[in-house]
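One file, coords.pdb, is given below (PDB, C-alpha atoms).
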ATOM      1  CA  THR O   1      54.871 100.886 163.145
ATOM      2  CA  PHE O   2      56.516  97.546 163.759
ATOM      3  CA  PRO O   3      56.633  95.031 160.892
ATOM      4  CA  PRO O   4      54.348  91.997 161.176
ATOM      5  CA  PRO O   5      55.944  88.988 162.913
ATOM      6  CA  ARG O   6      57.655  86.425 160.747
ATOM      7  CA  ALA O   7      56.201  82.960 160.312
ATOM      8  CA  ALA O   8      56.741  80.643 163.260
ATOM      9  CA  PRO O   9      59.919  78.588 162.834
ATOM     10  CA  SER O  10      59.871  74.835 162.690
ATOM     11  CA  SER O  11      62.370  74.441 165.534
ATOM     12  CA  VAL O  12      63.901  76.366 168.393
ATOM     13  CA  GLN O  13      67.215  76.339 166.562
ATOM     14  CA  ASP O  14      65.599  78.074 163.595
ATOM     15  CA  MET O  15      64.046  80.649 165.901
ATOM     16  CA  LEU O  16      67.371  81.375 167.563
ATOM     17  CA  GLY O  17      68.730  81.990 164.070
ATOM     18  CA  ARG O  18      71.188  80.365 161.701
ATOM     19  CA  ASP O  19      72.169  83.522 159.773
ATOM     20  CA  ARG O  20      69.873  82.515 156.985
ATOM     21  CA  ALA O  21      69.555  84.909 154.087
ATOM     22  CA  ARG O  22      66.381  86.955 154.245
ATOM     23  CA  GLN O  23      64.136  87.012 151.226
ATOM     24  CA  PRO O  24      63.078  90.491 150.092
ATOM     25  CA  ALA O  25      59.445  91.311 150.735
ATOM     26  CA  PRO O  26      57.222  91.423 147.646
ATOM     27  CA  VAL O  27      56.553  94.926 146.374
ATOM     28  CA  ARG O  28      52.928  95.929 145.807
ATOM     29  CA  PRO O  29      52.345  97.849 142.572
ATOM     30  CA  PRO O  30      51.471 101.521 143.185
ATOM     31  CA  ASP O  31      48.051 101.140 141.548
ATOM     32  CA  SER O  32      47.140  98.077 143.591
ATOM     33  CA  PRO O  33      44.886  98.872 146.573
ATOM     34  CA  ALA O  34      46.035  97.703 149.984
ATOM     35  CA  GLN O  35      44.375  94.485 151.076
ATOM     36  CA  PRO O  36      43.021  94.249 154.601
ATOM     37  CA  ARG O  37      44.819  91.785 156.836
ATOM     38  CA  VAL O  38      42.612  88.825 157.685
ATOM     39  CA  PRO O  39      43.361  86.948 160.917
ATOM     40  CA  SER O  40      44.338  83.342 160.380
ATOM     41  CA  SER O  41      41.934  80.633 161.386
ATOM     42  CA  ASN O  42      44.137  79.569 164.289
ATOM     43  CA  SER O  43      44.592  83.045 165.769
ATOM     44  CA  THR O  44      43.137  83.781 169.188
ATOM     45  CA  ALA O  45      41.361  87.067 169.848
ATOM     46  CA  LEU O  46      42.245  88.824 173.085
ATOM     47  CA  ALA O  47      39.403  89.246 175.549
ATOM     48  CA  PRO O  48      38.486  92.869 176.318
ATOM     49  CA  TRP O  49      40.028  94.270 179.475
ATOM     50  CA  ASP O  50      37.745  94.064 182.467
ATOM     51  CA  PRO O  51      38.699  96.688 185.093
ATOM     52  CA  SER O  52      36.401  95.235 187.758
ATOM     53  CA  PRO O  53      37.847  93.087 190.589
ATOM     54  CA  ALA O  54      36.193  90.050 189.028
ATOM     55  CA  GLY O  55      38.141  90.621 185.812
ATOM     56  CA  ARG O  56      41.573  90.761 187.425
ATOM     57  CA  PRO O  57      43.811  87.706 187.431
ATOM     58  CA  LYS O  58      44.391  86.152 190.828
ATOM     59  CA  SER O  59      47.717  86.452 192.612
ATOM     60  CA  ARG O  60      49.546  83.172 192.595
ATOM     61  CA  ARG O  61      52.832  81.508 193.358
ATOM     62  CA  ALA O  62      54.756  79.861 190.567
ATOM     63  CA  SER O  63      54.295  76.111 190.905
ATOM     64  CA  ARG O  64      57.232  73.712 191.007
ATOM     65  CA  ASP O  65      56.119  72.242 187.663
ATOM     66  CA  GLU O  66      56.236  75.689 186.072
ATOM     67  CA  LEU O  67      59.718  76.362 187.384
ATOM     68  CA  ASP O  68      60.949  73.023 186.037
ATOM     69  CA  LEU O  69      59.741  73.657 182.469
ATOM     70  CA  ASP O  70      62.415  74.036 179.828
ATOM     71  CA  PRO O  71      61.670  76.771 177.227
ATOM     72  CA  CYS O  72      63.484  74.716 174.602
ATOM     73  CA  ASP O  73      61.451  71.583 175.321
ATOM     74  CA  THR O  74      59.533  71.081 172.084
ATOM     75  CA  GLU O  75      57.249  68.565 173.782
ATOM     76  CA  SER O  76      55.767  71.274 176.009
ATOM     77  CA  PRO O  77      52.859  73.155 174.323
ATOM     78  CA  GLN O  78      53.538  76.269 176.384
ATOM     79  CA  PHE O  79      57.185  76.470 175.374
ATOM     80  CA  SER O  80      57.096  74.977 171.903
ATOM     81  CA  PRO O  81      58.848  76.857 169.061
ATOM     82  CA  ARG O  82      55.418  78.034 167.914
ATOM     83  CA  SER O  83      54.534  79.517 171.299
ATOM     84  CA  PRO O  84      53.739  83.238 170.864
ATOM     85  CA  MET O  85      54.884  83.915 174.431
ATOM     86  CA  LEU O  86      58.294  82.339 173.843
ATOM     87  CA  ARG O  87      58.721  84.406 170.702
ATOM     88  CA  ILE O  88      57.989  87.551 172.713
ATOM     89  CA  HIS O  89      60.532  86.629 175.395
ATOM     90  CA  LEU O  90      63.184  85.895 172.772
ATOM     91  CA  ARG O  91      63.067  89.559 171.757
ATOM     92  CA  GLU O  92      64.206  90.313 175.319
ATOM     93  CA  GLU O  93      62.197  93.518 175.394
ATOM     94  CA  HIS O  94      61.966  93.094 179.171
ATOM     95  CA  HIS O  95      65.669  93.989 179.293
ATOM     96  CA  TYR O  96      64.761  97.571 178.349
ATOM     97  CA  ALA O  97      61.464  97.963 180.182
ATOM     98  CA  PHE O  98      62.669 100.193 183.015
ATOM     99  CA  GLY O  99      65.081 102.556 181.328
ATOM    100  CA  ARG O 100      68.371 101.316 182.784
ATOM    101  CA  ALA O 101      70.867  98.734 181.592
ATOM    102  CA  TRP O 102      70.174  95.050 182.235
ATOM    103  CA  GLY O 103      73.626  94.900 183.852
ATOM    104  CA  LEU O 104      72.211  96.934 186.739
ATOM    105  CA  GLY O 105      71.153  93.628 188.247
ATOM    106  CA  ARG O 106      74.809  92.614 188.537
ATOM    107  CA  ASP O 107      75.649  95.959 190.166
ATOM    108  CA  ILE O 108      72.837  95.582 192.693
ATOM    109  CA  THR O 109      73.875  92.034 193.555
ATOM    110  CA  ASP O 110      77.532  93.044 193.957
ATOM    111  CA  HIS O 111      76.521  95.755 196.428
ATOM    112  CA  ILE O 112      74.287  93.483 198.497
ATOM    113  CA  LYS O 113      77.034  90.852 198.641
ATOM    114  CA  GLU O 114      79.577  93.454 199.714
ATOM    115  CA  ARG O 115      77.205  94.444 202.501
ATOM    116  CA  GLY O 116      77.331  90.945 203.935
ATOM    117  CA  LEU O 117      74.687  88.808 202.250
ATOM    118  CA  LYS O 118      75.432  85.136 202.948
ATOM    119  CA  PRO O 119      74.358  82.237 200.696
ATOM    120  CA  SER O 120      72.587  80.638 203.658
ATOM    121  CA  GLU O 121      70.295  83.642 204.246
ATOM    122  CA  LYS O 122      66.735  84.042 203.027
ATOM    123  CA  PHE O 123      66.527  87.006 200.671
ATOM    124  CA  LEU O 124      63.359  88.793 199.508
ATOM    125  CA  ASP O 125      63.534  90.759 196.252
ATOM    126  CA  PHE O 126      60.384  92.888 196.452
ATOM    127  CA  GLY O 127      59.609  94.102 192.941
ATOM    128  CA  SER O 128      61.678  91.365 191.319
ATOM    129  CA  GLY O 129      60.547  92.245 187.775
ATOM    130  CA  ALA O 130      61.931  89.899 185.110
ATOM    131  CA  LEU O 131      64.699  88.729 187.492
ATOM    132  CA  ARG O 132      67.238  91.357 186.468
ATOM    133  CA  ASN O 133      68.620  91.064 190.003
ATOM    134  CA  GLY O 134      67.319  87.559 190.517
ATOM    135  CA  ILE O 135      69.485  85.742 187.993
ATOM    136  CA  TRP O 136      72.573  86.886 189.924
ATOM    137  CA  LEU O 137      71.141  86.498 193.410
ATOM    138  CA  ILE O 138      69.733  83.024 192.696
ATOM    139  CA  LYS O 139      73.166  81.869 191.496
ATOM    140  CA  TYR O 140      74.760  83.110 194.707
ATOM    141  CA  LEU O 141      72.198  81.982 197.272
ATOM    142  CA  GLU O 142      71.676  78.413 198.380
ATOM    143  CA  ALA O 143      68.785  76.585 196.733
ATOM    144  CA  GLY O 144      65.391  77.825 197.903
ATOM    145  CA  ASN O 145      66.694  80.999 199.565
ATOM    146  CA  TYR O 146      65.646  83.494 196.891
ATOM    147  CA  TYR O 147      62.128  84.934 197.133
ATOM    148  CA  GLY O 148      60.762  87.265 194.471
ATOM    149  CA  ILE O 149      57.503  89.216 194.426
ATOM    150  CA  GLU O 150      56.397  91.063 191.288
ATOM    151  CA  HIS O 151      53.141  92.861 190.506
ATOM    152  CA  ASN O 152      53.585  93.206 186.731
ATOM    153  CA  THR O 153      52.490  89.907 185.183
ATOM    154  CA  PRO O 154      54.372  90.183 181.831
ATOM    155  CA  MET O 155      57.591  90.948 183.707
ATOM    156  CA  PHE O 156      56.934  88.112 186.153
ATOM    157  CA  GLU O 157      56.393  85.649 183.302
ATOM    158  CA  ALA O 158      59.481  86.828 181.415
ATOM    159  CA  GLY O 159      61.565  86.062 184.483
ATOM    160  CA  ARG O 160      59.948  82.755 185.343
ATOM    161  CA  ASP O 161      59.473  81.356 181.831
ATOM    162  CA  TYR O 162      62.544  82.732 180.056
ATOM    163  CA  GLU O 163      65.341  84.118 182.232
ATOM    164  CA  LEU O 164      65.189  81.374 184.844
ATOM    165  CA  PRO O 165      65.595  78.376 182.482
ATOM    166  CA  LEU O 166      67.799  80.333 180.055
ATOM    167  CA  ASN O 167      70.340  80.861 182.835
ATOM    168  CA  GLY O 168      70.056  77.262 184.044
ATOM    169  CA  LEU O 169      68.676  78.208 187.453
ATOM    170  CA  THR O 170      65.550  76.096 187.882
ATOM    171  CA  HIS O 171      67.463  73.654 190.086
ATOM    172  CA  LYS O 172      67.999  76.466 192.613
ATOM    173  CA  ARG O 173      64.236  76.367 193.337
ATOM    174  CA  PRO O 174      63.515  80.108 193.672
ATOM    175  CA  ASN O 175      60.220  81.106 195.247
ATOM    176  CA  LEU O 176      58.292  83.461 192.950
ATOM    177  CA  TYR O 177      54.954  85.185 193.527
ATOM    178  CA  ASN O 178      52.865  87.383 191.212
ATOM    179  CA  ASN O 179      50.914  89.726 193.542
ATOM    180  CA  VAL O 180      48.464  91.155 191.035
ATOM    181  CA  ASP O 181      45.908  91.778 193.800
ATOM    182  CA  GLY O 182      47.938  94.769 194.995
ATOM    183  CA  GLN O 183      48.733  93.284 198.408
ATOM    184  CA  PRO O 184      52.354  92.945 199.560
ATOM    185  CA  GLY O 185      52.187  89.142 199.416
ATOM    186  CA  LEU O 186      54.945  88.352 201.931
ATOM    187  CA  ALA O 187      52.610  86.099 203.919
ATOM    188  CA  GLN O 188      52.396  83.682 200.978
ATOM    189  CA  PHE O 189      55.826  82.245 201.731
ATOM    190  CA  GLY O 190      55.364  81.536 205.435
ATOM    191  CA  VAL O 191      58.957  82.500 206.347
ATOM    192  CA  LYS O 192      60.889  85.433 207.763
ATOM    193  CA  PHE O 193      63.636  87.036 205.735
ATOM    194  CA  ASP O 194      67.189  87.867 206.739
ATOM    195  CA  LYS O 195      67.418  90.499 204.009
ATOM    196  CA  ILE O 196      64.613  92.402 202.266
ATOM    197  CA  MET O 197      65.332  94.599 199.242
ATOM    198  CA  ALA O 198      63.013  97.004 197.457
ATOM    199  CA  PHE O 199      64.986  98.639 194.667
ATOM    200  CA  ALA O 200      63.133 101.531 192.969
ATOM    201  CA  VAL O 201      59.772 100.302 194.279
ATOM    202  CA  LEU O 202      58.548 102.518 197.118
ATOM    203  CA  ILE O 203      59.426 105.625 195.113
ATOM    204  CA  HIS O 204      56.421 104.791 192.914
ATOM    205  CA  PHE O 205      54.025 104.959 195.873
ATOM    206  CA  THR O 206      54.102 108.754 196.165
ATOM    207  CA  ASN O 207      50.398 109.059 195.366
ATOM    208  CA  THR O 208      49.429 106.001 197.433
ATOM    209  CA  PRO O 209      50.790 106.632 200.930
ATOM    210  CA  GLY O 210      48.460 103.998 202.363
ATOM    211  CA  LEU O 211      50.030 101.289 200.224
ATOM    212  CA  LYS O 212      53.508 102.505 201.149
ATOM    213  CA  LYS O 213      52.637 102.128 204.831
ATOM    214  CA  THR O 214      51.157  98.668 204.263
ATOM    215  CA  VAL O 215      54.262  97.452 202.457
ATOM    216  CA  LEU O 216      56.682  98.811 205.053
ATOM    217  CA  LYS O 217      54.661  97.283 207.893
ATOM    218  CA  ALA O 218      54.811  93.947 206.078
ATOM    219  CA  PHE O 219      58.595  94.320 205.771
ATOM    220  CA  VAL O 220      58.892  94.854 209.526
ATOM    221  CA  LYS O 221      56.548  91.947 210.330
ATOM    222  CA  TYR O 222      58.439  89.429 208.182
ATOM    223  CA  LEU O 223      61.969  90.651 208.882
ATOM    224  CA  ALA O 224      63.966  88.075 210.856
ATOM    225  CA  PRO O 225      65.708  89.175 214.069
ATOM    226  CA  GLY O 226      68.902  91.004 213.143
ATOM    227  CA  GLY O 227      67.733  91.386 209.561
ATOM    228  CA  THR O 228      68.223  94.327 207.218
ATOM    229  CA  ILE O 229      65.930  96.193 204.813
ATOM    230  CA  TYR O 230      67.600  97.724 201.732
ATOM    231  CA  LEU O 231      65.819 100.657 200.080
ATOM    232  CA  SER O 232      67.030 102.734 197.140
ATOM    233  CA  HIS O 233      66.797 106.355 195.971
ATOM    234  CA  HIS O 234      65.250 107.966 199.046
ATOM    235  CA  LEU O 235      63.526 107.125 202.304
ATOM    236  CA  PRO O 236      59.772 106.475 202.266
ATOM    237  CA  PHE O 237      59.230 108.460 205.479
ATOM    238  CA  SER O 238      61.168 110.797 207.726
ATOM    239  CA  LYS O 239      63.699 109.475 210.227
ATOM    240  CA  GLU O 240      61.324 110.337 213.071
ATOM    241  CA  THR O 241      58.385 108.502 211.487
ATOM    242  CA  LEU O 242      60.464 105.401 210.798
ATOM    243  CA  GLU O 243      61.564 105.278 214.430
ATOM    244  CA  LYS O 244      58.222 106.106 216.034
ATOM    245  CA  GLU O 245      55.763 104.176 213.849
ATOM    246  CA  TYR O 246      57.883 101.317 212.522
ATOM    247  CA  GLY O 247      60.627 100.839 215.092
ATOM    248  CA  LEU O 248      63.279 101.200 212.384
ATOM    249  CA  MET O 249      66.532 103.090 212.428
ATOM    250  CA  ILE O 250      68.729 104.189 209.537
ATOM    251  CA  ALA O 251      71.792 101.996 209.985
ATOM    252  CA  ARG O 252      73.693 103.151 206.918
ATOM    253  CA  LYS O 253      73.573 105.183 203.713
ATOM    254  CA  ASP O 254      75.725 104.404 200.653
ATOM    255  CA  ASN O 255      76.339 105.955 197.252
ATOM    256  CA  GLN O 256      77.199 103.114 194.880
ATOM    257  CA  LYS O 257      79.053 103.802 191.651
ATOM    258  CA  CYS O 258      77.882 101.072 189.285
ATOM    259  CA  LYS O 259      80.369  99.321 187.044
ATOM    260  CA  TRP O 260      78.077  97.445 184.673
ATOM    261  CA  SER O 261      75.275  99.984 184.252
ATOM    262  CA  GLN O 262      77.445 103.131 184.428
ATOM    263  CA  SER O 263      75.130 104.796 186.915
ATOM    264  CA  THR O 264      74.858 105.625 190.611
ATOM    265  CA  ASN O 265      72.605 104.074 193.243
ATOM    266  CA  VAL O 266      71.709 105.576 196.605
ATOM    267  CA  TRP O 267      71.123 102.931 199.277
ATOM    268  CA  TYR O 268      69.565 103.074 202.737
ATOM    269  CA  GLU O 269      69.851 100.215 205.206
ATOM    270  CA  LEU O 270      67.148  99.977 207.860
ATOM    271  CA  GLN O 271      67.266  97.797 210.951
ATOM    272  CA  ARG O 272      65.114  97.441 214.037
ATOM    273  CA  ILE O 273      66.052  99.847 216.798
ATOM    274  CA  GLY O 274      68.476  98.146 219.152
ATOM    275  CA  GLU O 275      69.671  95.590 216.580
ATOM    276  CA  HIS O 276      72.202  97.724 214.706
ATOM    277  CA  ASP O 277      75.624  96.025 214.899
ATOM    278  CA  GLY O 278      77.608  99.095 213.840
ATOM    279  CA  SER O 279      78.861  97.674 210.534
TER
END
Show me, as structure tokens, the structure contained in the file I just sent.
Amino acid sequence: TFPPPRAAPSSVQDMLGRDRARQPAPVRPPDSPAQPRVPSSNSTALAPWDPSPAGRPKSRRASRDELDLDPCDTESPQFSPRSPMLRIHLREEHHYAFGRAWGLGRDITDHIKERGLKPSEKFLDFGSGALRNGIWLIKYLEAGNYYGIEHNTPMFEAGRDYELPLNGLTHKRPNLYNNVDGQPGLAQFGVKFDKIMAFAVLIHFTNTPGLKKTVLKAFVKYLAPGGTIYLSHHLPFSKETLEKEYGLMIARKDNQKCKWSQSTNVWYELQRIGEHDGS
């Protein structure tokens, strides 16, 4: 089991650590019975999980005020040094949530840039997680051109509330959406995208073919003329199905040897039939 959390620090600097000497924990005598832990008076009990539609949180876009918050601003209640959520993000457990190195985001961004992504283009990162890719893509793209959609709320919040301000990227005005309702969510932005990427997303829809079809149709609907869809691992449907039902052709396949994550990515580029430029 994990040890109980330490007392909340009095300042962000204390929480980030000053190499202070740790005091040894008091030792309970062997004959002394264990005392039950009593919640403090200011603790907040978690509400029981409600699986019904009424109990689910609503999908929402991150507001401009939320994106402008500074996690080290001690005047903000949400991001004060005593904020439990900030303390969770500081552990950076979201860096290890998906089994591959955090540096994979740099590898993915390097590949997309090599394949011709321009700073002026609108880029959709579908399944943006905690912005593992986003922190690199947002730096590269012009302000307002990064769009991220993530279903997992803790990952979404780790990216928006921690990674974004930590990396000094709030001024780039990324567009972030938490689609907890299970719908693709592309319509929320009201734009068409020059590049759409779904890295290790559609491979999880094996048991939900209907959702896989819905997402791919949304990609086609909101793909700008001449745009490209980047998918990883393997194709969601056969070449014939992609051409007949979605009007998409396989423009390219790549095997990327990753420098920062020491792994290999398989990439497929899809474009509308008749729009492939041969590159």
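Minimum distance to Lys259 in chain O across O:Lys113, O:Arg91, O:Lys172, O:Arg106 (counting only C-alpha atoms) occurs at O:Arg106.
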For Ala198 in chain O, list every protein, DNA or RNA residue within 9 Å, evaluated using all atoms listed in the file, and leave out those in the same chain fewer than 3 positions away; present the list as a PyMOL selection string. chain O and resi 124-128+201-202+229-232
What does the structure give for the distance between CA of Lys192 in chain O and CA of Ser120 in chain O, in Å to one decimal?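 Value for the CA of Lys192 in chain O-CA of Ser120 in chain O distance: 13.3 Å.
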Distance CA of Gln256 in chain O-CA of Leu137 in chain O, one decimal place? 17.7 Å
What's around Asp107 in chain O at 9 Å? Count all atoms listed in the file, leave out sequence neighbours fewer than 3 positions away in its own chain, and write the answer as a JSON list (two decimals) with C-alpha atoms, keeping the file's coordinate frame.
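The resulting file, result_37.json, is reproduced below:
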[["chain", "number", "residue", "atom", "x", "y", "z"],
["O", 103, "GLY", "CA", 73.63, 94.90, 183.85],
["O", 104, "LEU", "CA", 72.21, 96.93, 186.74],
["O", 110, "ASP", "CA", 77.53, 93.04, 193.96],
["O", 111, "HIS", "CA", 76.52, 95.76, 196.43],
["O", 112, "ILE", "CA", 74.29, 93.48, 198.50],
["O", 133, "ASN", "CA", 68.62, 91.06, 190.00],
["O", 256, "GLN", "CA", 77.20, 103.11, 194.88],
["O", 257, "LYS", "CA", 79.05, 103.80, 191.65],
["O", 258, "CYS", "CA", 77.88, 101.07, 189.28],
["O", 259, "LYS", "CA", 80.37, 99.32, 187.04],
["O", 260, "TRP", "CA", 78.08, 97.44, 184.67],
["O", 261, "SER", "CA", 75.28, 99.98, 184.25]]
Can you work out which one of O:Tyr162, O:Trp136, O:Trp102, O:Phe193 has the shortest atom-to-atom distance to Glu121 in chain O, counting all atoms listed in the file? O:Phe193
Compile the contact shell of Leu242 in chain O as a PDB file with C-alpha atoms, in the frame of the given file: residues with an atom at most 10 Å away, counting only C-alpha atoms, same-chain residues fewer than 5 positions apart removed.
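Everything below was put into around-v3.pdb:
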ATOM      1  CA  LEU O 216      56.682  98.811 205.053  1.00  0.00           C
ATOM      2  CA  LEU O 235      63.526 107.125 202.304  1.00  0.00           C
ATOM      3  CA  PRO O 236      59.772 106.475 202.266  1.00  0.00           C
ATOM      4  CA  PHE O 237      59.230 108.460 205.479  1.00  0.00           C
ATOM      5  CA  GLY O 247      60.627 100.839 215.092  1.00  0.00           C
ATOM      6  CA  LEU O 248      63.279 101.200 212.384  1.00  0.00           C
ATOM      7  CA  MET O 249      66.532 103.090 212.428  1.00  0.00           C
ATOM      8  CA  ILE O 250      68.729 104.189 209.537  1.00  0.00           C
ATOM      9  CA  LEU O 270      67.148  99.977 207.860  1.00  0.00           C
ATOM     10  CA  ARG O 272      65.114  97.441 214.037  1.00  0.00           C
ATOM     11  CA  ILE O 273      66.052  99.847 216.798  1.00  0.00           C
TER      12      ILE O 273
END
Rounded to one decimal, what separation in Å do you get between CA of Pro209 in chain O and CA of Val266 in chain O?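 Between CA of Pro209 in chain O and CA of Val266 in chain O the gap works out to 21.4 Å.
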For Glu157 in chain O, which of O:Tyr177, O:Phe219, O:Tyr140, O:Phe205 is the closest residue, counting all atoms listed in the file?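 The shortest atom-to-atom distance to Glu157 in chain O comes from O:Tyr177.
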Skipping near chain neighbours, those fewer than 6 positions away, what residues fall within 8 Å of Glu163 in chain O using only C-alpha atoms, listed as number ranges by chain? O: 130-131, 135
May I have the residues at most 12 Å from (69.4, 75.8, 199.1) in the file's coordinates, counting all atoms listed in the file, as a compact mmCIF listing (two decimals) with C-alpha atoms, in the frame of the given file?
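Listed below is the output, part-v1.txt:
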# COMPACT_ATOMS: atom_id res chain seq x y z
CA LYS O 118 75.43 85.14 202.95
CA PRO O 119 74.36 82.24 200.70
CA SER O 120 72.59 80.64 203.66
CA GLU O 121 70.30 83.64 204.25
CA LYS O 122 66.74 84.04 203.03
CA PHE O 123 66.53 87.01 200.67
CA ILE O 138 69.73 83.02 192.70
CA LYS O 139 73.17 81.87 191.50
CA TYR O 140 74.76 83.11 194.71
CA LEU O 141 72.20 81.98 197.27
CA GLU O 142 71.68 78.41 198.38
CA ALA O 143 68.78 76.58 196.73
CA GLY O 144 65.39 77.82 197.90
CA ASN O 145 66.69 81.00 199.56
CA TYR O 146 65.65 83.49 196.89
CA TYR O 147 62.13 84.93 197.13
CA LEU O 169 68.68 78.21 187.45
CA THR O 170 65.55 76.10 187.88
CA HIS O 171 67.46 73.65 190.09
CA LYS O 172 68.00 76.47 192.61
CA ARG O 173 64.24 76.37 193.34
CA PRO O 174 63.52 80.11 193.67
CA ASN O 175 60.22 81.11 195.25
Selected by the PyMOL selection byres ((chain O and resi 158) around 9) in the shown coordinates: which residues, as a CSV table (one decimal) with C-alpha atoms, in the frame of the given file?
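Writing the result to expr35.csv gives the following:
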chain,number,residue,atom,x,y,z
O,85,MET,CA,54.9,83.9,174.4
O,86,LEU,CA,58.3,82.3,173.8
O,88,ILE,CA,58.0,87.6,172.7
O,89,HIS,CA,60.5,86.6,175.4
O,92,GLU,CA,64.2,90.3,175.3
O,94,HIS,CA,62.0,93.1,179.2
O,129,GLY,CA,60.5,92.2,187.8
O,130,ALA,CA,61.9,89.9,185.1
O,131,LEU,CA,64.7,88.7,187.5
O,153,THR,CA,52.5,89.9,185.2
O,154,PRO,CA,54.4,90.2,181.8
O,155,MET,CA,57.6,90.9,183.7
O,156,PHE,CA,56.9,88.1,186.2
O,157,GLU,CA,56.4,85.6,183.3
O,159,GLY,CA,61.6,86.1,184.5
O,160,ARG,CA,59.9,82.8,185.3
O,161,ASP,CA,59.5,81.4,181.8
O,162,TYR,CA,62.5,82.7,180.1
O,163,GLU,CA,65.3,84.1,182.2
O,164,LEU,CA,65.2,81.4,184.8
Please write out, as JSON, where the centre of an axis-aligned box around all listed atoms of range 97-100 of chain O lies and how long its edges are, in Å to one decimal, after adding 4 Å on each side.
{"center_x": 64.9, "center_y": 100.3, "center_z": 181.6, "size_x": 14.9, "size_y": 12.6, "size_z": 10.8}
Check the smallest atom-to-atom distance from each of O:Thr264, O:Asn178, O:Gln271, O:Asn207 to Glu243 in chain O using only C-alpha atoms, then report the winner.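 Of O:Thr264, O:Asn178, O:Gln271, O:Asn207, the one nearest Glu243 in chain O is O:Gln271, counting only C-alpha atoms.
Nearest residue to Arg100 in chain O, choosing from O:Glu245, O:Ser263, O:Glu269, O:Ser238 and counting only C-alpha atoms: O:Ser263.
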Can you work out which one of O:Ile149, O:Ile196, O:Ala101, O:Ala187 has the shortest atom-to-atom distance to Gly226 in chain O, counting all atoms listed in the file?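 Ranking O:Ile149, O:Ile196, O:Ala101, O:Ala187 by distance to Gly226 in chain O, first place goes to O:Ile196.
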